[in-house]
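Structure data follow from run38.cif (mmCIF, C-alpha atoms):
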```
data_run
loop_
_atom_site.group_PDB
_atom_site.id
_atom_site.type_symbol
_atom_site.label_atom_id
_atom_site.label_comp_id
_atom_site.auth_asym_id
_atom_site.auth_seq_id
_atom_site.Cartn_x
_atom_site.Cartn_y
_atom_site.Cartn_z
ATOM 1 C CA MET A 1 -39.727 8.947 47.067
ATOM 2 C CA PRO A 2 -40.119 12.704 46.772
ATOM 3 C CA ASP A 3 -40.209 14.608 50.033
ATOM 4 C CA SER A 4 -43.295 16.904 49.985
ATOM 5 C CA ASN A 5 -42.451 18.374 53.410
ATOM 6 C CA ARG A 6 -39.429 20.329 52.200
ATOM 7 C CA PRO A 7 -39.840 24.066 51.586
ATOM 8 C CA GLY A 8 -40.962 24.847 48.068
ATOM 9 C CA GLY A 9 -42.974 21.689 47.505
ATOM 10 C CA PRO A 10 -41.938 18.170 46.467
ATOM 11 C CA GLN A 11 -38.217 17.593 45.974
ATOM 12 C CA TYR A 12 -36.967 14.810 43.729
ATOM 13 C CA ALA A 13 -33.728 12.860 43.721
ATOM 14 C CA ALA A 14 -32.160 11.690 40.445
ATOM 15 C CA ALA A 15 -33.264 8.113 41.222
ATOM 16 C CA ASP A 16 -36.900 9.250 41.411
ATOM 17 C CA LEU A 17 -36.804 10.967 38.034
ATOM 18 C CA PHE A 18 -34.568 8.454 36.265
ATOM 19 C CA PRO A 19 -35.271 5.058 37.899
ATOM 20 C CA ASN A 20 -33.359 3.128 35.243
ATOM 21 C CA GLY A 21 -30.152 4.980 36.052
ATOM 22 C CA SER A 22 -30.140 6.939 32.790
ATOM 23 C CA ALA A 23 -29.842 10.412 34.290
ATOM 24 C CA PRO A 24 -28.406 12.774 31.657
ATOM 25 C CA ARG A 25 -24.946 14.172 32.132
ATOM 26 C CA LEU A 26 -24.946 17.865 33.001
ATOM 27 C CA VAL A 27 -22.281 19.758 31.095
ATOM 28 C CA ILE A 28 -21.558 23.353 32.061
ATOM 29 C CA ARG A 29 -20.239 25.457 29.207
ATOM 30 C CA PRO A 30 -17.094 27.132 30.558
ATOM 31 C CA THR A 31 -16.570 30.857 30.567
ATOM 32 C CA THR A 32 -12.945 31.933 30.322
ATOM 33 C CA ILE A 33 -12.310 35.165 32.192
ATOM 34 C CA ALA A 34 -9.011 36.962 31.683
ATOM 35 C CA PRO A 35 -7.323 39.144 34.310
ATOM 36 C CA PRO A 36 -8.374 42.805 34.231
ATOM 37 C CA ALA A 37 -6.578 45.134 31.853
ATOM 38 C CA GLU A 38 -4.801 46.931 34.699
ATOM 39 C CA GLU A 39 -2.800 43.757 35.372
ATOM 40 C CA ARG A 40 -1.116 44.076 31.981
ATOM 41 C CA ARG A 41 2.624 44.526 32.528
ATOM 42 C CA PRO A 42 5.013 46.371 30.220
ATOM 43 C CA ASP A 43 8.033 44.539 28.890
ATOM 44 C CA PRO A 44 11.186 44.969 31.009
ATOM 45 C CA PRO A 45 13.137 48.125 30.102
ATOM 46 C CA ASP A 46 16.298 46.014 29.824
ATOM 47 C CA LEU A 47 15.111 42.791 28.221
ATOM 48 C CA ARG A 48 18.601 41.358 27.847
ATOM 49 C CA ALA A 49 19.219 41.674 31.588
ATOM 50 C CA ALA A 50 15.793 40.202 32.342
ATOM 51 C CA LEU A 51 16.619 37.154 30.203
ATOM 52 C CA GLU A 52 19.967 36.439 31.887
ATOM 53 C CA PRO A 53 18.437 34.084 34.536
ATOM 54 C CA LEU A 54 16.846 32.057 31.731
ATOM 55 C CA VAL A 55 20.122 31.911 29.842
ATOM 56 C CA SER A 56 21.924 30.752 32.989
ATOM 57 C CA ALA A 57 19.350 28.005 33.528
ATOM 58 C CA PHE A 58 19.356 26.847 29.908
ATOM 59 C CA ALA A 59 22.976 27.304 28.820
ATOM 60 C CA GLY A 60 24.458 24.028 27.579
ATOM 61 C CA ARG A 61 21.084 22.225 27.760
ATOM 62 C CA ARG A 62 18.786 21.267 24.910
ATOM 63 C CA LEU A 63 15.316 22.733 25.260
ATOM 64 C CA ALA A 64 11.836 21.474 24.698
ATOM 65 C CA VAL A 65 9.415 24.352 24.108
ATOM 66 C CA LEU A 66 5.750 24.497 25.071
ATOM 67 C CA THR A 67 3.857 27.334 23.402
ATOM 68 C CA GLY A 68 0.394 28.789 23.921
ATOM 69 C CA ALA A 69 -1.827 31.412 22.363
ATOM 70 C CA GLY A 70 0.410 34.265 23.554
ATOM 71 C CA ILE A 71 3.025 33.475 20.936
ATOM 72 C CA SER A 72 0.507 34.123 18.152
ATOM 73 C CA THR A 73 -1.113 37.339 19.337
ATOM 74 C CA ASP A 74 1.424 39.418 17.398
ATOM 75 C CA SER A 75 0.286 37.536 14.294
ATOM 76 C CA GLY A 76 -3.202 38.925 14.824
ATOM 77 C CA ILE A 77 -4.721 35.873 16.523
ATOM 78 C CA PRO A 78 -6.300 36.787 19.874
ATOM 79 C CA ASP A 79 -5.971 34.675 22.978
ATOM 80 C CA TYR A 80 -8.394 33.872 25.785
ATOM 81 C CA ARG A 81 -6.474 34.945 28.856
ATOM 82 C CA SER A 82 -4.366 38.052 28.224
ATOM 83 C CA PRO A 83 -5.200 40.848 30.670
ATOM 84 C CA GLY A 84 -8.164 42.789 29.362
ATOM 85 C CA SER A 85 -9.399 40.065 26.984
ATOM 86 C CA ALA A 86 -13.169 39.744 26.737
ATOM 87 C CA PRO A 87 -14.821 36.793 28.518
ATOM 88 C CA ARG A 88 -15.405 33.852 26.171
ATOM 89 C CA ARG A 89 -17.786 30.916 26.207
ATOM 90 C CA PRO A 90 -16.120 28.362 23.935
ATOM 91 C CA MET A 91 -18.184 25.422 22.763
ATOM 92 C CA THR A 92 -17.727 22.099 24.529
ATOM 93 C CA HIS A 93 -17.255 18.750 22.854
ATOM 94 C CA GLN A 94 -20.436 17.480 24.493
ATOM 95 C CA GLN A 95 -22.498 20.324 23.058
ATOM 96 C CA PHE A 96 -21.069 19.862 19.576
ATOM 97 C CA VAL A 97 -21.802 16.138 19.339
ATOM 98 C CA ALA A 98 -25.205 16.282 21.055
ATOM 99 C CA SER A 99 -27.023 18.949 19.075
ATOM 100 C CA ASP A 100 -27.515 19.979 15.436
ATOM 101 C CA ARG A 101 -28.168 23.480 16.731
ATOM 102 C CA PHE A 102 -24.740 23.717 18.357
ATOM 103 C CA ARG A 103 -23.025 22.219 15.326
ATOM 104 C CA ARG A 104 -24.794 24.684 13.042
ATOM 105 C CA HIS A 105 -23.769 27.552 15.298
ATOM 106 C CA TYR A 106 -20.142 26.401 15.348
ATOM 107 C CA TRP A 107 -19.778 25.789 11.602
ATOM 108 C CA ALA A 108 -21.518 29.059 10.679
ATOM 109 C CA ARG A 109 -19.009 31.029 12.717
ATOM 110 C CA ASN A 110 -16.025 28.904 11.718
ATOM 111 C CA HIS A 111 -17.029 29.284 8.069
ATOM 112 C CA LEU A 112 -16.315 32.999 8.428
ATOM 113 C CA GLY A 113 -13.340 32.834 10.772
ATOM 114 C CA TRP A 114 -11.118 29.947 9.705
ATOM 115 C CA ARG A 115 -9.440 31.850 6.889
ATOM 116 C CA HIS A 116 -8.258 34.402 9.442
ATOM 117 C CA LEU A 117 -5.891 31.671 10.693
ATOM 118 C CA GLN A 118 -4.983 30.676 7.162
ATOM 119 C CA GLN A 119 -3.989 34.245 6.327
ATOM 120 C CA ALA A 120 -2.005 34.899 9.523
ATOM 121 C CA GLU A 121 1.775 35.065 9.195
ATOM 122 C CA PRO A 122 4.410 33.738 11.614
ATOM 123 C CA ASN A 123 6.012 36.409 13.755
ATOM 124 C CA ALA A 124 9.500 36.864 15.164
ATOM 125 C CA GLY A 125 8.785 34.491 18.062
ATOM 126 C CA HIS A 126 7.823 31.623 15.767
ATOM 127 C CA ARG A 127 10.840 32.275 13.553
ATOM 128 C CA ALA A 128 13.205 32.376 16.523
ATOM 129 C CA LEU A 129 12.120 28.919 17.675
ATOM 130 C CA ALA A 130 12.547 27.537 14.164
ATOM 131 C CA ALA A 131 16.064 28.969 14.062
ATOM 132 C CA MET A 132 16.859 27.482 17.468
ATOM 133 C CA GLU A 133 15.802 24.070 16.216
ATOM 134 C CA ARG A 134 17.986 24.405 13.118
ATOM 135 C CA ASP A 135 20.900 25.317 15.399
ATOM 136 C CA GLY A 136 20.384 22.163 17.465
ATOM 137 C CA LEU A 137 19.178 23.978 20.582
ATOM 138 C CA LEU A 138 15.689 22.435 20.600
ATOM 139 C CA THR A 139 14.329 18.907 20.642
ATOM 140 C CA GLY A 140 11.046 20.263 19.282
ATOM 141 C CA VAL A 141 7.964 22.357 19.919
ATOM 142 C CA ILE A 142 4.825 21.267 21.759
ATOM 143 C CA THR A 143 2.076 23.729 20.941
ATOM 144 C CA GLN A 144 -1.419 24.254 22.284
ATOM 145 C CA ASN A 145 -2.213 26.341 19.201
ATOM 146 C CA ILE A 146 -4.132 25.150 16.153
ATOM 147 C CA ASP A 147 -2.841 27.870 13.804
ATOM 148 C CA LEU A 148 0.113 25.971 12.189
ATOM 149 C CA LEU A 149 2.314 29.055 12.462
ATOM 150 C CA HIS A 150 5.233 27.069 13.888
ATOM 151 C CA VAL A 151 5.238 24.829 10.816
ATOM 152 C CA ARG A 152 4.976 27.789 8.492
ATOM 153 C CA ALA A 153 7.889 29.463 10.298
ATOM 154 C CA GLY A 154 10.076 26.432 9.568
ATOM 155 C CA SER A 155 9.887 24.328 12.738
ATOM 156 C CA ARG A 156 10.199 20.664 11.821
ATOM 157 C CA THR A 157 9.415 18.775 15.022
ATOM 158 C CA VAL A 158 6.029 20.047 16.198
ATOM 159 C CA VAL A 159 3.271 18.328 18.157
ATOM 160 C CA HIS A 160 -0.093 20.065 17.881
ATOM 161 C CA LEU A 161 -1.644 19.065 21.202
ATOM 162 C CA HIS A 162 -5.023 20.620 20.459
ATOM 163 C CA GLY A 163 -5.145 19.730 16.785
ATOM 164 C CA ARG A 164 -4.999 21.734 13.567
ATOM 165 C CA TYR A 165 -7.493 24.085 12.002
ATOM 166 C CA ASP A 166 -6.882 22.761 8.468
ATOM 167 C CA ARG A 167 -8.412 19.287 8.888
ATOM 168 C CA VAL A 168 -11.938 17.960 9.413
ATOM 169 C CA LEU A 169 -12.653 14.466 10.734
ATOM 170 C CA CYS A 170 -15.705 12.193 10.738
ATOM 171 C CA LEU A 171 -16.451 11.048 14.281
ATOM 172 C CA SER A 172 -17.973 7.790 12.997
ATOM 173 C CA CYS A 173 -15.761 6.419 10.230
ATOM 174 C CA GLY A 174 -12.607 8.525 10.716
ATOM 175 C CA LEU A 175 -12.613 10.042 7.223
ATOM 176 C CA GLU A 176 -10.222 13.004 7.026
ATOM 177 C CA ILE A 177 -11.133 15.981 4.842
ATOM 178 C CA SER A 178 -9.139 19.130 4.277
ATOM 179 C CA ARG A 179 -10.696 22.331 5.578
ATOM 180 C CA GLU A 180 -10.439 23.705 2.039
ATOM 181 C CA GLU A 181 -12.549 20.852 0.679
ATOM 182 C CA HIS A 182 -15.109 21.234 3.466
ATOM 183 C CA ASP A 183 -15.243 24.959 2.794
ATOM 184 C CA ARG A 184 -16.277 24.323 -0.808
ATOM 185 C CA VAL A 185 -19.144 22.140 0.400
ATOM 186 C CA LEU A 186 -20.318 24.764 2.888
ATOM 187 C CA VAL A 187 -20.167 27.486 0.227
ATOM 188 C CA GLU A 188 -22.411 25.384 -2.029
ATOM 189 C CA LEU A 189 -24.880 24.851 0.821
ATOM 190 C CA ASN A 190 -24.759 28.511 1.927
ATOM 191 C CA PRO A 191 -24.008 30.475 -1.254
ATOM 192 C CA HIS A 192 -24.699 33.945 0.127
ATOM 193 C CA TRP A 193 -23.587 33.502 3.730
ATOM 194 C CA ARG A 194 -20.226 35.235 3.427
ATOM 195 C CA GLU A 195 -21.702 38.158 1.533
ATOM 196 C CA ARG A 196 -23.653 39.093 4.655
ATOM 197 C CA PHE A 197 -20.364 39.580 6.488
ATOM 198 C CA ALA A 198 -18.122 40.794 3.690
ATOM 199 C CA GLU A 199 -16.056 42.959 6.043
ATOM 200 C CA LEU A 200 -14.538 40.346 8.343
ATOM 201 C CA GLU A 201 -12.591 43.089 10.093
ATOM 202 C CA ASP A 202 -15.872 44.283 11.591
ATOM 203 C CA LEU A 203 -16.436 40.909 13.273
ATOM 204 C CA GLU A 204 -14.731 39.801 16.449
ATOM 205 C CA VAL A 205 -12.539 36.805 15.645
ATOM 206 C CA ALA A 206 -12.107 34.288 18.455
ATOM 207 C CA PRO A 207 -8.941 32.242 19.138
ATOM 208 C CA ASP A 208 -10.511 28.956 17.965
ATOM 209 C CA ALA A 209 -10.995 30.170 14.371
ATOM 210 C CA ASP A 210 -14.628 31.210 14.533
ATOM 211 C CA VAL A 211 -16.218 34.614 14.924
ATOM 212 C CA VAL A 212 -18.546 36.016 17.535
ATOM 213 C CA LEU A 213 -21.872 35.737 15.764
ATOM 214 C CA GLU A 214 -25.355 35.302 17.164
ATOM 215 C CA SER A 215 -27.821 34.513 14.365
ATOM 216 C CA THR A 216 -26.949 31.188 12.712
ATOM 217 C CA ALA A 217 -30.363 29.498 12.503
ATOM 218 C CA ASP A 218 -30.455 29.377 8.702
ATOM 219 C CA PHE A 219 -26.932 28.035 8.181
ATOM 220 C CA ARG A 220 -26.791 24.567 6.574
ATOM 221 C CA ILE A 221 -24.168 22.056 7.707
ATOM 222 C CA ALA A 222 -22.752 18.980 5.951
ATOM 223 C CA ASP A 223 -22.429 15.426 7.233
ATOM 224 C CA CYS A 224 -19.723 12.922 6.318
ATOM 225 C CA PRO A 225 -19.910 12.191 2.565
ATOM 226 C CA ARG A 226 -18.908 8.571 3.177
ATOM 227 C CA CYS A 227 -21.070 7.443 6.114
ATOM 228 C CA GLY A 228 -23.338 10.362 7.041
ATOM 229 C CA GLY A 229 -21.631 10.801 10.415
ATOM 230 C CA ILE A 230 -20.826 14.001 12.281
ATOM 231 C CA LEU A 231 -17.985 16.077 10.872
ATOM 232 C CA LYS A 232 -15.837 17.892 13.419
ATOM 233 C CA PRO A 233 -12.732 20.025 12.999
ATOM 234 C CA ASP A 234 -9.544 18.256 14.070
ATOM 235 C CA VAL A 235 -9.477 20.456 17.167
ATOM 236 C CA VAL A 236 -9.706 19.516 20.848
ATOM 237 C CA PHE A 237 -12.755 21.286 22.277
ATOM 238 C CA PHE A 238 -13.311 21.998 25.960
ATOM 239 C CA GLY A 239 -14.440 18.750 27.580
ATOM 240 C CA ASP A 240 -12.679 16.660 24.920
ATOM 241 C CA ASN A 241 -9.564 14.526 25.408
ATOM 242 C CA THR A 242 -6.259 15.039 23.660
ATOM 243 C CA PRO A 243 -5.495 11.875 21.666
ATOM 244 C CA ARG A 244 -3.089 9.692 23.582
ATOM 245 C CA GLU A 245 -0.641 9.413 20.682
ATOM 246 C CA ARG A 246 -0.232 13.189 20.637
ATOM 247 C CA VAL A 247 0.451 13.274 24.361
ATOM 248 C CA GLU A 248 3.041 10.509 24.009
ATOM 249 C CA ALA A 249 4.732 12.320 21.116
ATOM 250 C CA ALA A 250 4.849 15.478 23.217
ATOM 251 C CA TYR A 251 6.309 13.605 26.176
ATOM 252 C CA ALA A 252 9.003 12.216 23.851
ATOM 253 C CA ILE A 253 10.028 15.761 22.869
ATOM 254 C CA ALA A 254 10.005 16.904 26.497
ATOM 255 C CA ASP A 255 11.849 13.885 27.880
ATOM 256 C CA GLU A 256 14.581 14.061 25.240
ATOM 257 C CA ALA A 257 15.349 17.589 26.408
ATOM 258 C CA GLU A 258 17.252 18.739 29.482
ATOM 259 C CA SER A 259 15.040 21.762 30.165
ATOM 260 C CA LEU A 260 11.650 23.197 29.299
ATOM 261 C CA LEU A 261 10.772 26.654 27.990
ATOM 262 C CA VAL A 262 7.148 27.781 28.277
ATOM 263 C CA ALA A 263 6.432 30.577 25.810
ATOM 264 C CA GLY A 264 3.177 32.506 25.610
ATOM 265 C CA SER A 265 1.068 30.220 27.781
ATOM 266 C CA SER A 266 -0.670 30.930 31.080
ATOM 267 C CA LEU A 267 -0.671 27.149 31.752
ATOM 268 C CA ALA A 268 -4.285 27.592 32.850
ATOM 269 C CA VAL A 269 -5.333 24.134 31.637
ATOM 270 C CA MET A 270 -3.845 20.842 32.761
ATOM 271 C CA GLY A 271 -2.960 19.878 29.202
ATOM 272 C CA GLY A 272 -0.077 22.327 29.291
ATOM 273 C CA LEU A 273 0.653 22.483 33.001
ATOM 274 C CA ARG A 274 1.445 18.776 33.159
ATOM 275 C CA PHE A 275 4.580 19.288 31.043
ATOM 276 C CA ALA A 276 5.904 21.919 33.428
ATOM 277 C CA ARG A 277 5.148 19.667 36.384
ATOM 278 C CA ARG A 278 6.800 16.693 34.694
ATOM 279 C CA ALA A 279 9.966 18.670 33.942
ATOM 280 C CA ALA A 280 10.165 20.113 37.463
ATOM 281 C CA LYS A 281 9.642 16.679 39.029
ATOM 282 C CA ALA A 282 12.502 15.321 36.915
ATOM 283 C CA GLY A 283 14.774 18.132 38.073
ATOM 284 C CA ARG A 284 14.904 19.835 34.681
ATOM 285 C CA PRO A 285 14.945 23.659 34.676
ATOM 286 C CA VAL A 286 11.661 25.284 33.686
ATOM 287 C CA GLY A 287 11.734 28.778 32.213
ATOM 288 C CA ILE A 288 8.704 30.905 31.368
ATOM 289 C CA VAL A 289 8.337 33.813 28.949
ATOM 290 C CA ASN A 290 4.815 35.193 29.130
ATOM 291 C CA ARG A 291 2.963 38.459 29.524
ATOM 292 C CA GLY A 292 1.361 37.991 32.913
ATOM 293 C CA SER A 293 1.392 35.392 35.645
ATOM 294 C CA THR A 294 0.958 31.691 34.929
ATOM 295 C CA ARG A 295 -0.345 28.700 36.817
ATOM 296 C CA GLY A 296 3.163 27.243 36.740
ATOM 297 C CA ASP A 297 5.101 30.163 38.211
ATOM 298 C CA ASP A 298 5.892 28.173 41.346
ATOM 299 C CA LEU A 299 7.580 25.526 39.168
ATOM 300 C CA ALA A 300 9.773 27.963 37.265
ATOM 301 C CA THR A 301 13.515 28.287 37.688
ATOM 302 C CA ALA A 302 13.189 31.707 36.067
ATOM 303 C CA SER A 303 10.328 33.747 34.597
ATOM 304 C CA VAL A 304 10.265 36.788 32.339
ATOM 305 C CA HIS A 305 7.121 38.870 31.889
ATOM 306 C CA ALA A 306 7.585 39.887 28.271
ATOM 307 C CA GLY A 307 6.169 39.417 24.804
ATOM 308 C CA THR A 308 7.499 36.387 22.963
ATOM 309 C CA SER A 309 8.075 38.292 19.720
ATOM 310 C CA GLN A 310 10.574 40.488 21.531
ATOM 311 C CA ALA A 311 12.054 37.989 23.995
ATOM 312 C CA LEU A 312 12.533 34.826 21.937
ATOM 313 C CA PRO A 313 14.812 36.255 19.211
ATOM 314 C CA LEU A 314 17.035 37.777 21.881
ATOM 315 C CA LEU A 315 16.978 34.558 23.928
ATOM 316 C CA ALA A 316 18.010 32.583 20.862
ATOM 317 C CA GLU A 317 20.920 34.977 20.252
ATOM 318 C CA MET A 318 22.074 34.783 23.874
ATOM 319 C CA LEU A 319 21.873 30.990 24.037
ATOM 320 C CA ALA A 320 23.766 30.641 20.766
ATOM 321 C CA ALA A 321 26.560 32.708 22.259
ATOM 322 C CA HIS A 322 26.906 30.181 25.082
ATOM 323 C CA ARG A 323 27.377 27.160 22.818
#
```
Have the structure of the file written as structure tokens, please.
Amino acid sequence: MPDSNRPGGPQYAAADLFPNGSAPRLVIRPTTIAPPAEERRPDPPDLRAALEPLVSAFAGRRLAVLTGAGISTDSGIPDYRSPGSAPRRPMTHQQFVASDRFRRHYWARNHLGWRHLQQAEPNAGHRALAAMERDGLLTGVITQNIDLLHVRAGSRTVVHLHGRYDRVLCLSCGLEISREEHDRVLVELNPHWRERFAELEDLEVAPDADVVLESTADFRIADCPRCGGILKPDVVFFGDNTPRERVEAAYAIADEAESLLVAGSSLAVMGGLRFARRAAKAGRPVGIVNRGSTRGDDLATASVHAGTSQALPLLAEMLAAHR
């Protein structure tokens, strides 16, 4: 029963308000807060010397590589956690599936932003990893990115842990639709939407392929053409689970290797950190190339605070020389 003697009037427990046990689940939308800009570190003045500990740890060993958003920033795709990045409030899976309003807000922004990923080009870091795979130095790439830049750079063995921006799935019947096809539907439903924001450069593009946009109330969304179910991008939202088959495929790449390179990831979420922990527990060297500290620094055999576009081509050259 409610306690009317507590300060502020009657107080209720969940059992009082929801006697049948159907209390709703409270989901807090996360805010990602990056370190302050003053924590940004310059690349080492002698990058070759800074990479020597990594080369010593990796020489003669095949690598698995785990990449994060930091490898794609030089391709014009922002990340969430670089020093000085603006705070973000990414949408959760629970919000997306529970509310037409949230889905409308997501698709309106994604409708403007997804082609930013499509138009991005691989940079020297992506190309270096593809070359290392061709040279037999890598077992494959595990990426937390949805941008497909590893594939476009020529990497063949890639697991996209968090999905891909170019596919849309029905949550009810499993129908898969290309993002291009879904775009045509959204253009038909919202024929003048893009014209309002013709200069995409003036909009702030977020790492998950949408743009920072407030007014989306009049945007029209599409349901599954086969069953009428909810359509969702093939992307793992906050609060969602990575499909087990992707995790197993990533473990296969990591376990086939004799060492792990983390490139451009702060390892802030468990989805990436678990690979560093798994490698360290197995006694495999863990090396990190990232601008800024990471959650896995205590697991690393060697770390280099540097940009991946600069460090990875040189690392590939130095490792090739030790073959």
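The shortest atom-to-atom distance to Gln95 (chain A), with all atoms listed in the file taken into account, belongs to A:Asp240 out of A:Asp147, A:Asp46, A:Glu258, A:Asp240.
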Exercise. Kindly resolve the PyMOL selection byres ((chain A and resi 181) around 12) on the present coordinates and return the residues as an MDAnalysis selection string.
Key: chainID A and resid 166:169 176:180 182:188 222 225
Practice problem: Extract, using only C-alpha atoms, all DNA, RNA and protein residues at most 7 Å from region 310-321 of chain A, discarding same-chain residues fewer than 3 positions from it, and format them as number ranges by chain. | Solution: A: 51, 55, 59, 124-125, 128, 132, 306-307
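This file, filtered with the PyMOL selection byres ((chain A and resi 41-45) around 7), gives the residues Glu39, Arg40, Asp46, Leu47, Ala50, Arg291, Gly292, His305, Ala306 and Gly307 of chain A.
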Serialized selection, C-alpha atoms, as a PDB file, in the coordinates of the input:
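Writing the result to result-v4.pdb gives the following:
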```pdb
ATOM      1  CA  GLU A  39      -2.800  43.757  35.372  1.00  0.00           C
ATOM      2  CA  ARG A  40      -1.116  44.076  31.981  1.00  0.00           C
ATOM      3  CA  ASP A  46      16.298  46.014  29.824  1.00  0.00           C
ATOM      4  CA  LEU A  47      15.111  42.791  28.221  1.00  0.00           C
ATOM      5  CA  ALA A  50      15.793  40.202  32.342  1.00  0.00           C
ATOM      6  CA  ARG A 291       2.963  38.459  29.524  1.00  0.00           C
ATOM      7  CA  GLY A 292       1.361  37.991  32.913  1.00  0.00           C
ATOM      8  CA  HIS A 305       7.121  38.870  31.889  1.00  0.00           C
ATOM      9  CA  ALA A 306       7.585  39.887  28.271  1.00  0.00           C
ATOM     10  CA  GLY A 307       6.169  39.417  24.804  1.00  0.00           C
TER      11      GLY A 307
END
```
Which residues match the PyMOL selection byres ((chain A and resi 302) around 10) in the file above, as a compact mmCIF listing (two decimals) with C-alpha atoms, keeping the file's coordinate frame?
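Saved file expr00.txt follows:
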```txt
# COMPACT_ATOMS: atom_id res chain seq x y z
CA ALA A 50 15.79 40.20 32.34
CA LEU A 51 16.62 37.15 30.20
CA GLU A 52 19.97 36.44 31.89
CA PRO A 53 18.44 34.08 34.54
CA LEU A 54 16.85 32.06 31.73
CA VAL A 55 20.12 31.91 29.84
CA SER A 56 21.92 30.75 32.99
CA ALA A 57 19.35 28.00 33.53
CA PHE A 58 19.36 26.85 29.91
CA LEU A 261 10.77 26.65 27.99
CA PRO A 285 14.94 23.66 34.68
CA VAL A 286 11.66 25.28 33.69
CA GLY A 287 11.73 28.78 32.21
CA ILE A 288 8.70 30.90 31.37
CA VAL A 289 8.34 33.81 28.95
CA ASP A 297 5.10 30.16 38.21
CA ASP A 298 5.89 28.17 41.35
CA LEU A 299 7.58 25.53 39.17
CA ALA A 300 9.77 27.96 37.26
CA THR A 301 13.52 28.29 37.69
CA SER A 303 10.33 33.75 34.60
CA VAL A 304 10.26 36.79 32.34
```
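Interatomic distance, CA of Lys281 (chain A) to CA of Pro243 (chain A): 23.5 Å.
Nearest residue to Gly140 (chain A) among A:Ser75, A:Thr92, A:Ser155, A:Ser293 is A:Ser155, counting all atoms listed in the file.
Restricting the calculation to only C-alpha atoms, the smallest distance between His105 (chain A) and any of A:Ser72, A:Asn123, A:Thr216, A:Thr308 is found for A:Thr216.
Relative to CA of Tyr165 (chain A), CA of Pro78 (chain A) is found at 15.0 Å.
Take CA of Tyr106 (chain A) and CA of Gln144 (chain A): the distance between them is 20.1 Å.
Nearest to Leu260 (chain A) of all the residues A:Gln94, A:Asn145, A:Asn110, A:Thr139 is A:Thr139, based on all atoms listed in the file.
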